[in-house]
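S.K.: Supplied structure: my_file08.pdb, PDB, C-alpha atoms, pLDDT in the B column.
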```
ATOM      1  CA  MET A   1       9.664  29.186  47.445  1.00 52.00           C
ATOM      2  CA  PRO A   2       9.277  32.232  45.173  1.00 55.00           C
ATOM      3  CA  PRO A   3       9.483  35.675  46.816  1.00 55.00           C
ATOM      4  CA  ASN A   4       6.199  37.092  48.165  1.00 60.00           C
ATOM      5  CA  THR A   5       4.707  33.594  48.405  1.00 63.00           C
ATOM      6  CA  VAL A   6       2.976  32.719  51.666  1.00 64.00           C
ATOM      7  CA  PRO A   7       3.697  29.160  52.808  1.00 76.00           C
ATOM      8  CA  PRO A   8       0.468  27.177  53.219  1.00 86.00           C
ATOM      9  CA  ILE A   9      -0.961  26.175  56.580  1.00 93.00           C
ATOM     10  CA  ALA A  10      -2.417  22.716  57.279  1.00 94.00           C
ATOM     11  CA  PHE A  11      -6.015  23.899  57.600  1.00 97.00           C
ATOM     12  CA  GLU A  12      -9.244  23.200  55.726  1.00 96.00           C
ATOM     13  CA  PHE A  13     -12.936  23.575  56.647  1.00 97.00           C
ATOM     14  CA  ARG A  14     -15.339  22.269  54.024  1.00 95.00           C
ATOM     15  CA  ARG A  15     -18.737  20.769  53.321  1.00 92.00           C
ATOM     16  CA  LEU A  16     -18.841  17.016  52.785  1.00 90.00           C
ATOM     17  CA  ALA A  17     -20.070  15.599  49.479  1.00 79.00           C
ATOM     18  CA  ASP A  18     -23.449  14.414  50.798  1.00 75.00           C
ATOM     19  CA  PRO A  19     -25.009  17.570  52.298  1.00 63.00           C
ATOM     20  CA  GLY A  20     -28.236  15.713  53.084  1.00 70.00           C
ATOM     21  CA  ALA A  21     -26.543  13.579  55.736  1.00 80.00           C
ATOM     22  CA  TYR A  22     -25.018  14.444  59.106  1.00 86.00           C
ATOM     23  CA  PRO A  23     -22.236  15.065  59.806  1.00 90.00           C
ATOM     24  CA  ASP A  24     -21.881  17.328  56.785  1.00 91.00           C
ATOM     25  CA  LEU A  25     -18.792  19.408  57.650  1.00 95.00           C
ATOM     26  CA  ALA A  26     -15.130  18.411  57.802  1.00 96.00           C
ATOM     27  CA  LEU A  27     -12.279  20.253  59.511  1.00 97.00           C
ATOM     28  CA  ARG A  28      -8.629  19.384  58.937  1.00 97.00           C
ATOM     29  CA  LEU A  29      -6.074  20.887  61.295  1.00 97.00           C
ATOM     30  CA  GLY A  30      -2.586  19.510  60.848  1.00 94.00           C
ATOM     31  CA  ALA A  31      -2.951  15.720  61.029  1.00 95.00           C
ATOM     32  CA  ALA A  32      -6.219  15.931  63.018  1.00 96.00           C
ATOM     33  CA  ARG A  33      -9.603  15.469  61.354  1.00 97.00           C
ATOM     34  CA  TYR A  34     -13.020  16.400  62.730  1.00 96.00           C
ATOM     35  CA  THR A  35     -16.565  16.162  61.465  1.00 95.00           C
ATOM     36  CA  ALA A  36     -19.439  18.402  62.478  1.00 94.00           C
ATOM     37  CA  ASP A  37     -22.911  19.212  61.268  1.00 91.00           C
ATOM     38  CA  THR A  38     -24.941  22.242  60.310  1.00 90.00           C
ATOM     39  CA  TYR A  39     -27.953  21.474  62.512  1.00 88.00           C
ATOM     40  CA  TYR A  40     -27.528  24.659  64.580  1.00 87.00           C
ATOM     41  CA  PHE A  41     -27.111  26.791  61.451  1.00 85.00           C
ATOM     42  CA  ALA A  42     -30.887  26.891  60.931  1.00 77.00           C
ATOM     43  CA  PRO A  43     -32.146  30.466  61.419  1.00 68.00           C
ATOM     44  CA  ASP A  44     -34.228  31.180  64.511  1.00 66.00           C
ATOM     45  CA  GLY A  45     -37.058  33.194  63.024  1.00 66.00           C
ATOM     46  CA  GLY A  46     -35.968  36.773  63.710  1.00 63.00           C
ATOM     47  CA  SER A  47     -32.296  36.478  62.789  1.00 66.00           C
ATOM     48  CA  PRO A  48     -31.122  38.279  59.645  1.00 71.00           C
ATOM     49  CA  VAL A  49     -29.072  35.452  58.146  1.00 74.00           C
ATOM     50  CA  PRO A  50     -28.543  34.291  54.570  1.00 81.00           C
ATOM     51  CA  GLU A  51     -31.131  31.834  53.286  1.00 82.00           C
ATOM     52  CA  SER A  52     -28.677  29.205  52.051  1.00 85.00           C
ATOM     53  CA  ILE A  53     -26.599  27.005  54.330  1.00 87.00           C
ATOM     54  CA  GLY A  54     -23.556  27.995  52.277  1.00 91.00           C
ATOM     55  CA  GLY A  55     -24.304  31.644  52.985  1.00 92.00           C
ATOM     56  CA  ARG A  56     -24.602  30.932  56.710  1.00 92.00           C
ATOM     57  CA  LEU A  57     -21.288  29.059  56.719  1.00 95.00           C
ATOM     58  CA  ALA A  58     -19.669  31.938  54.823  1.00 96.00           C
ATOM     59  CA  LEU A  59     -21.051  34.333  57.454  1.00 95.00           C
ATOM     60  CA  LEU A  60     -19.434  32.249  60.209  1.00 97.00           C
ATOM     61  CA  LEU A  61     -16.068  32.439  58.457  1.00 98.00           C
ATOM     62  CA  ASP A  62     -16.512  36.189  57.881  1.00 98.00           C
ATOM     63  CA  GLN A  63     -16.770  36.502  61.663  1.00 98.00           C
ATOM     64  CA  TRP A  64     -13.647  34.373  62.094  1.00 98.00           C
ATOM     65  CA  LEU A  65     -11.778  36.734  59.777  1.00 99.00           C
ATOM     66  CA  GLU A  66     -13.021  39.775  61.719  1.00 98.00           C
ATOM     67  CA  LEU A  67     -11.806  38.307  65.015  1.00 98.00           C
ATOM     68  CA  LEU A  68      -8.445  37.372  63.490  1.00 98.00           C
ATOM     69  CA  ALA A  69      -8.035  40.923  62.168  1.00 98.00           C
ATOM     70  CA  MET A  70      -8.150  42.204  65.767  1.00 96.00           C
ATOM     71  CA  LEU A  71      -5.427  39.854  67.066  1.00 96.00           C
ATOM     72  CA  ARG A  72      -2.278  41.412  68.515  1.00 96.00           C
ATOM     73  CA  ASP A  73       0.987  39.707  69.479  1.00 96.00           C
ATOM     74  CA  GLY A  74       0.434  37.452  72.490  1.00 97.00           C
ATOM     75  CA  ASP A  75      -3.367  37.451  72.123  1.00 97.00           C
ATOM     76  CA  ALA A  76      -5.590  34.455  71.451  1.00 98.00           C
ATOM     77  CA  VAL A  77      -9.033  34.231  69.895  1.00 98.00           C
ATOM     78  CA  HIS A  78     -11.570  31.390  69.874  1.00 98.00           C
ATOM     79  CA  LEU A  79     -13.386  30.399  66.675  1.00 99.00           C
ATOM     80  CA  PRO A  80     -16.287  27.900  66.838  1.00 98.00           C
ATOM     81  CA  PHE A  81     -16.479  25.069  64.311  1.00 98.00           C
ATOM     82  CA  ASP A  82     -18.765  22.458  65.920  1.00 97.00           C
ATOM     83  CA  PHE A  83     -22.108  23.220  67.545  1.00 96.00           C
ATOM     84  CA  SER A  84     -23.360  20.173  69.464  1.00 93.00           C
ATOM     85  CA  ASP A  85     -26.073  19.648  72.069  1.00 92.00           C
ATOM     86  CA  GLN A  86     -23.763  19.467  75.088  1.00 94.00           C
ATOM     87  CA  SER A  87     -20.558  21.162  73.909  1.00 96.00           C
ATOM     88  CA  THR A  88     -18.946  23.253  71.209  1.00 97.00           C
ATOM     89  CA  GLY A  89     -15.776  22.668  69.228  1.00 98.00           C
ATOM     90  CA  TRP A  90     -13.412  25.615  68.975  1.00 98.00           C
ATOM     91  CA  LEU A  91     -10.169  26.643  67.382  1.00 99.00           C
ATOM     92  CA  ARG A  92      -7.883  28.675  69.619  1.00 99.00           C
ATOM     93  CA  VAL A  93      -5.597  30.866  67.531  1.00 99.00           C
ATOM     94  CA  THR A  94      -2.660  32.416  69.387  1.00 98.00           C
ATOM     95  CA  LEU A  95      -0.613  35.086  67.636  1.00 98.00           C
ATOM     96  CA  PHE A  96       3.093  35.350  68.329  1.00 97.00           C
ATOM     97  CA  GLU A  97       5.516  37.881  66.915  1.00 91.00           C
ATOM     98  CA  ASP A  98       6.373  37.966  63.226  1.00 91.00           C
ATOM     99  CA  ASP A  99       2.867  36.843  62.138  1.00 96.00           C
ATOM    100  CA  GLU A 100       3.350  33.317  63.583  1.00 97.00           C
ATOM    101  CA  VAL A 101       0.260  31.535  64.886  1.00 98.00           C
ATOM    102  CA  LEU A 102      -0.515  28.382  66.801  1.00 98.00           C
ATOM    103  CA  VAL A 103      -3.943  26.942  65.940  1.00 98.00           C
ATOM    104  CA  GLU A 104      -5.341  24.353  68.372  1.00 98.00           C
ATOM    105  CA  ALA A 105      -8.624  22.449  68.205  1.00 98.00           C
ATOM    106  CA  GLY A 106     -10.490  21.725  71.412  1.00 98.00           C
ATOM    107  CA  TRP A 107     -13.778  21.876  73.254  1.00 98.00           C
ATOM    108  CA  SER A 108     -15.880  23.957  75.607  1.00 98.00           C
ATOM    109  CA  ARG A 109     -18.812  22.827  77.727  1.00 97.00           C
ATOM    110  CA  ILE A 110     -20.883  25.671  76.246  1.00 96.00           C
ATOM    111  CA  GLU A 111     -23.814  24.013  74.494  1.00 95.00           C
ATOM    112  CA  GLY A 112     -24.231  24.557  70.768  1.00 93.00           C
ATOM    113  CA  TRP A 113     -27.695  26.039  71.190  1.00 89.00           C
ATOM    114  CA  ARG A 114     -26.224  28.832  73.365  1.00 90.00           C
ATOM    115  CA  CYS A 115     -23.880  30.047  70.609  1.00 89.00           C
ATOM    116  CA  ARG A 116     -25.478  31.328  67.419  1.00 87.00           C
ATOM    117  CA  PRO A 117     -23.248  30.669  64.392  1.00 91.00           C
ATOM    118  CA  TRP A 118     -24.260  34.010  62.861  1.00 88.00           C
ATOM    119  CA  ASP A 119     -23.321  36.035  65.999  1.00 91.00           C
ATOM    120  CA  ILE A 120     -20.306  34.479  67.714  1.00 95.00           C
ATOM    121  CA  SER A 121     -18.467  37.487  69.159  1.00 91.00           C
ATOM    122  CA  GLY A 122     -20.018  37.461  72.641  1.00 92.00           C
ATOM    123  CA  THR A 123     -19.640  33.735  73.152  1.00 95.00           C
ATOM    124  CA  ALA A 124     -16.151  33.629  71.626  1.00 95.00           C
ATOM    125  CA  ALA A 125     -14.941  36.353  73.996  1.00 94.00           C
ATOM    126  CA  GLY A 126     -16.292  34.441  77.002  1.00 94.00           C
ATOM    127  CA  ILE A 127     -14.626  31.055  76.501  1.00 96.00           C
ATOM    128  CA  ARG A 128     -12.938  30.150  79.808  1.00 96.00           C
ATOM    129  CA  ASP A 129     -13.024  26.356  79.720  1.00 98.00           C
ATOM    130  CA  PHE A 130     -11.290  25.645  76.401  1.00 98.00           C
ATOM    131  CA  THR A 131      -9.619  22.233  76.547  1.00 98.00           C
ATOM    132  CA  PRO A 132      -7.228  21.565  73.661  1.00 98.00           C
ATOM    133  CA  ASN A 133      -7.155  18.112  72.117  1.00 97.00           C
ATOM    134  CA  PRO A 134      -3.765  16.395  72.088  1.00 94.00           C
ATOM    135  CA  ASN A 135      -2.135  16.282  68.649  1.00 92.00           C
ATOM    136  CA  ALA A 136      -4.724  18.663  67.188  1.00 96.00           C
ATOM    137  CA  SER A 137      -2.727  21.731  66.312  1.00 97.00           C
ATOM    138  CA  THR A 138      -0.753  23.348  63.556  1.00 96.00           C
ATOM    139  CA  THR A 139       1.507  26.343  63.170  1.00 96.00           C
ATOM    140  CA  GLY A 140       1.981  28.809  60.379  1.00 97.00           C
ATOM    141  CA  THR A 141       1.445  32.462  59.685  1.00 97.00           C
ATOM    142  CA  LEU A 142      -1.642  34.506  60.354  1.00 98.00           C
ATOM    143  CA  THR A 143      -1.468  35.578  56.727  1.00 97.00           C
ATOM    144  CA  ALA A 144      -1.640  31.944  55.552  1.00 97.00           C
ATOM    145  CA  LEU A 145      -4.452  31.107  57.983  1.00 98.00           C
ATOM    146  CA  ARG A 146      -6.510  34.077  56.828  1.00 98.00           C
ATOM    147  CA  ALA A 147      -5.914  33.063  53.200  1.00 97.00           C
ATOM    148  CA  ALA A 148      -7.060  29.478  53.911  1.00 98.00           C
ATOM    149  CA  ILE A 149     -10.169  30.688  55.741  1.00 98.00           C
ATOM    150  CA  GLY A 150     -10.906  33.130  52.916  1.00 98.00           C
ATOM    151  CA  ARG A 151     -10.656  30.305  50.388  1.00 98.00           C
ATOM    152  CA  ASP A 152     -13.013  28.121  52.437  1.00 98.00           C
ATOM    153  CA  ARG A 153     -15.377  31.070  52.956  1.00 98.00           C
ATOM    154  CA  ASP A 154     -15.595  31.623  49.208  1.00 98.00           C
ATOM    155  CA  ALA A 155     -16.269  27.903  48.639  1.00 97.00           C
ATOM    156  CA  PHE A 156     -19.110  27.982  51.201  1.00 96.00           C
ATOM    157  CA  ALA A 157     -20.586  31.135  49.649  1.00 95.00           C
ATOM    158  CA  ALA A 158     -20.707  29.397  46.263  1.00 94.00           C
ATOM    159  CA  LEU A 159     -22.878  26.546  47.606  1.00 88.00           C
TER     160      LEU A 159
END
```
How does this structure look as structure tokens?

M.R.:
Amino acid sequence: MPPNTVPPIAFEFRRLADPGAYPDLALRLGAARYTADTYYFAPDGGSPVPESIGGRLALLLDQWLELLAMLRDGDAVHLPFDFSDQSTGWLRVTLFEDDEVLVEAGWSRIEGWRCRPWDISGTAAGIRDFTPNPNASTTGTLTALRAAIGRDRDAFAAL
């Protein structure tokens, strides 16, 4: 690998080709694949959120990037990716030394309607019942993860 090149991480969060159907989101984490939908991304009247669904998805990933920027060695942060009626899907990102991260997908019993996609910080900080899914993880660097999320954020913003 050329110098100053960040090795990629097995991560992708994107909109599916038929945005009129649910599920309309796809998450790839290592060998694991998940689908989700944007039902809970509809604004709730008084919320200052972008008009387009792409803008709302980009806002979610902006928040992910903000939370990742605050990570310190040994810390973990939770990032929501699936908002469902009776649960939420989360990524738990744990930072180890030398920029190494473990990213795990799992679930919380917190209902999707209790966690607003445009204001995740309070809910993300309160996750106590995260249950990781077996074989749904990947490792890499925080730098590579932030680059992948930034790429996906830009793709959402362009929708």

S.K.: Mind checking which residues fall within 10 Å of Tyr34 in chain A, counting all atoms listed in the file, ignoring those fewer than 2 positions away in the same chain, and posting them as a ChimeraX atom specification?

M.R.: /A:13,23,25-29,32,36,81-82,89,105,136

S.K.: Kindly give the distance, in Å, that separates CA of Ile127 in chain A and CA of Phe156 in chain A, rounded to a single decimal.

M.R.: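 If I compute the distance from CA of Ile127 in chain A to CA of Phe156 in chain A, I get 25.9 Å.
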
S.K.: Separation of CA of Trp113 in chain A and CA of Arg72 in chain A, in Å?

M.R.: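 According to the coordinates, CA of Trp113 in chain A and CA of Arg72 in chain A are separated by 29.8 Å.
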
S.K.: Using only C-alpha atoms, which residues of range 58-84 of chain A come within 9 Å of range 114-117 of chain A, and what is the closest atom pair for each, with the distance in Å to one decimal? Give it as CSV, sorted by chain and residue number.

M.R.:
```
residue,atom,partner,partner_atom,distance
A:Leu59,CA,A:Pro117,CA,8.1
A:Leu60,CA,A:Pro117,CA,5.9
A:Pro80,CA,A:Pro117,CA,7.9
A:Phe81,CA,A:Pro117,CA,8.8
A:Phe83,CA,A:Cys115,CA,7.7
```

S.K.: So how far away is CA of Leu142 in chain A from CA of Ile120 in chain A, in Å?

M.R.: 20.1 Å

S.K.: Please, which residues are within 10 Å of (-18.0, 34.2, 56.8) by the file's coordinates, counting all atoms listed in the file, and could they come as a PyMOL selection string?

M.R.: chain A and resi 54-66+117-118+149-150+152-154+156-157

S.K.: Based on the selection just made, write C-alpha atoms of those residues as a CSV table (one decimal), in the frame of the given file.

M.R.:
```csv
chain,number,residue,atom,x,y,z
A,54,GLY,CA,-23.6,28.0,52.3
A,55,GLY,CA,-24.3,31.6,53.0
A,56,ARG,CA,-24.6,30.9,56.7
A,57,LEU,CA,-21.3,29.1,56.7
A,58,ALA,CA,-19.7,31.9,54.8
A,59,LEU,CA,-21.1,34.3,57.5
A,60,LEU,CA,-19.4,32.2,60.2
A,61,LEU,CA,-16.1,32.4,58.5
A,62,ASP,CA,-16.5,36.2,57.9
A,63,GLN,CA,-16.8,36.5,61.7
A,64,TRP,CA,-13.6,34.4,62.1
A,65,LEU,CA,-11.8,36.7,59.8
A,66,GLU,CA,-13.0,39.8,61.7
A,117,PRO,CA,-23.2,30.7,64.4
A,118,TRP,CA,-24.3,34.0,62.9
A,149,ILE,CA,-10.2,30.7,55.7
A,150,GLY,CA,-10.9,33.1,52.9
A,152,ASP,CA,-13.0,28.1,52.4
A,153,ARG,CA,-15.4,31.1,53.0
A,154,ASP,CA,-15.6,31.6,49.2
A,156,PHE,CA,-19.1,28.0,51.2
A,157,ALA,CA,-20.6,31.1,49.6
```

S.K.: Would you list the contacts of Gly20 in chain A as a list of chain:residue names, taking every protein, DNA or RNA residue within 12 Å and counting all atoms listed in the file, but skipping same-chain residues closer than 6 positions in sequence?

M.R.: A:Asp37, A:Thr38, A:Tyr39, A:Ile53

S.K.: For a quick check of understanding, using all atoms listed in the file, which of A:Arg109, A:Arg151, A:Arg128, A:His78 has the smallest distance to Glu12 in chain A?

M.R.: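 Under the stated criterion, the closest residue is A:Arg151.
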
S.K.: Calculated over all atoms listed in the file, which of the candidates A:Pro50, A:Gly74, A:Gly140, A:Gly30 has the smallest distance to Phe96 in chain A?

M.R.: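 Smallest separation from Phe96 in chain A among the options: A:Gly74.
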
S.K.: Which residue out of A:Glu51, A:Asp73, A:Asp18, A:Asp85 has the minimum interatomic distance to Asp98 in chain A when all atoms listed in the file are used?

M.R.: A:Asp73

S.K.: From the set A:Ser87, A:Leu67, A:Thr143, A:Gly126, which residue has the shortest atom-to-atom contact distance to Val101 in chain A, counting all atoms listed in the file?

M.R.: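 Smallest separation from Val101 in chain A among the options: A:Thr143.
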
S.K.: Which is closest to Asn133 in chain A among A:Glu104, A:Ala147, A:Glu111, A:Thr35, if we use all atoms listed in the file?

M.R.: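 Result for the nearest residue to Asn133 in chain A: A:Glu104.
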
S.K.: Name the closest residue to Ala76 in chain A among the candidates A:Val103, A:Ala31, A:Val93, A:Ala148; distances are taken between atoms, counting all atoms listed in the file.

M.R.: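 For Ala76 in chain A, the nearest of the given residues is A:Val93.
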
S.K.: Write out as AutoDock Vina command-line options an axis-aligned box for range 6-20 of chain A: all of its atoms listed in the file, 6 Å added on each side, centre and edge lengths in Å with one decimal.

M.R.:
```
--center_x -12.3 --center_y 23.6 --center_z 53.5 --size_x 43.9 --size_y 30.3 --size_z 20.1
```

S.K.: Applying the PyMOL selection byres ((chain A and resi 107) around 6) to the file I just gave you, which residues come out? Please list them as a short mmCIF file (atom, residue, chain, number, x, y, z; two decimals) with C-alpha atoms, in the frame of the given file.

M.R.:
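Now in result28.cif:
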```cif
data_model
loop_
_atom_site.label_atom_id
_atom_site.label_comp_id
_atom_site.auth_asym_id
_atom_site.auth_seq_id
_atom_site.Cartn_x
_atom_site.Cartn_y
_atom_site.Cartn_z
CA THR A 88 -18.95 23.25 71.21
CA GLY A 89 -15.78 22.67 69.23
CA TRP A 90 -13.41 25.62 68.97
CA GLY A 106 -10.49 21.72 71.41
CA SER A 108 -15.88 23.96 75.61
CA PHE A 130 -11.29 25.64 76.40
CA THR A 131 -9.62 22.23 76.55
#
```

S.K.: Given the PyMOL selection byres ((chain A and resi 77) around 9) and the file above, list the residues it selects as a list of chain:residue names.

M.R.: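 Given this file, the PyMOL selection byres ((chain A and resi 77) around 9) evaluates to A:Leu67, A:Leu68, A:Leu71, A:Asp75, A:Ala76, A:His78, A:Leu79, A:Leu91, A:Arg92, A:Val93, A:Thr94, A:Leu95, A:Ala124, A:Ala125.
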
S.K.: Just the selected residues (C-alpha atoms), exported as a CSV table (one decimal), in the coordinates of the input, please.

M.R.:
```
chain,number,residue,atom,x,y,z
A,67,LEU,CA,-11.8,38.3,65.0
A,68,LEU,CA,-8.4,37.4,63.5
A,71,LEU,CA,-5.4,39.9,67.1
A,75,ASP,CA,-3.4,37.5,72.1
A,76,ALA,CA,-5.6,34.5,71.5
A,78,HIS,CA,-11.6,31.4,69.9
A,79,LEU,CA,-13.4,30.4,66.7
A,91,LEU,CA,-10.2,26.6,67.4
A,92,ARG,CA,-7.9,28.7,69.6
A,93,VAL,CA,-5.6,30.9,67.5
A,94,THR,CA,-2.7,32.4,69.4
A,95,LEU,CA,-0.6,35.1,67.6
A,124,ALA,CA,-16.2,33.6,71.6
A,125,ALA,CA,-14.9,36.4,74.0
```
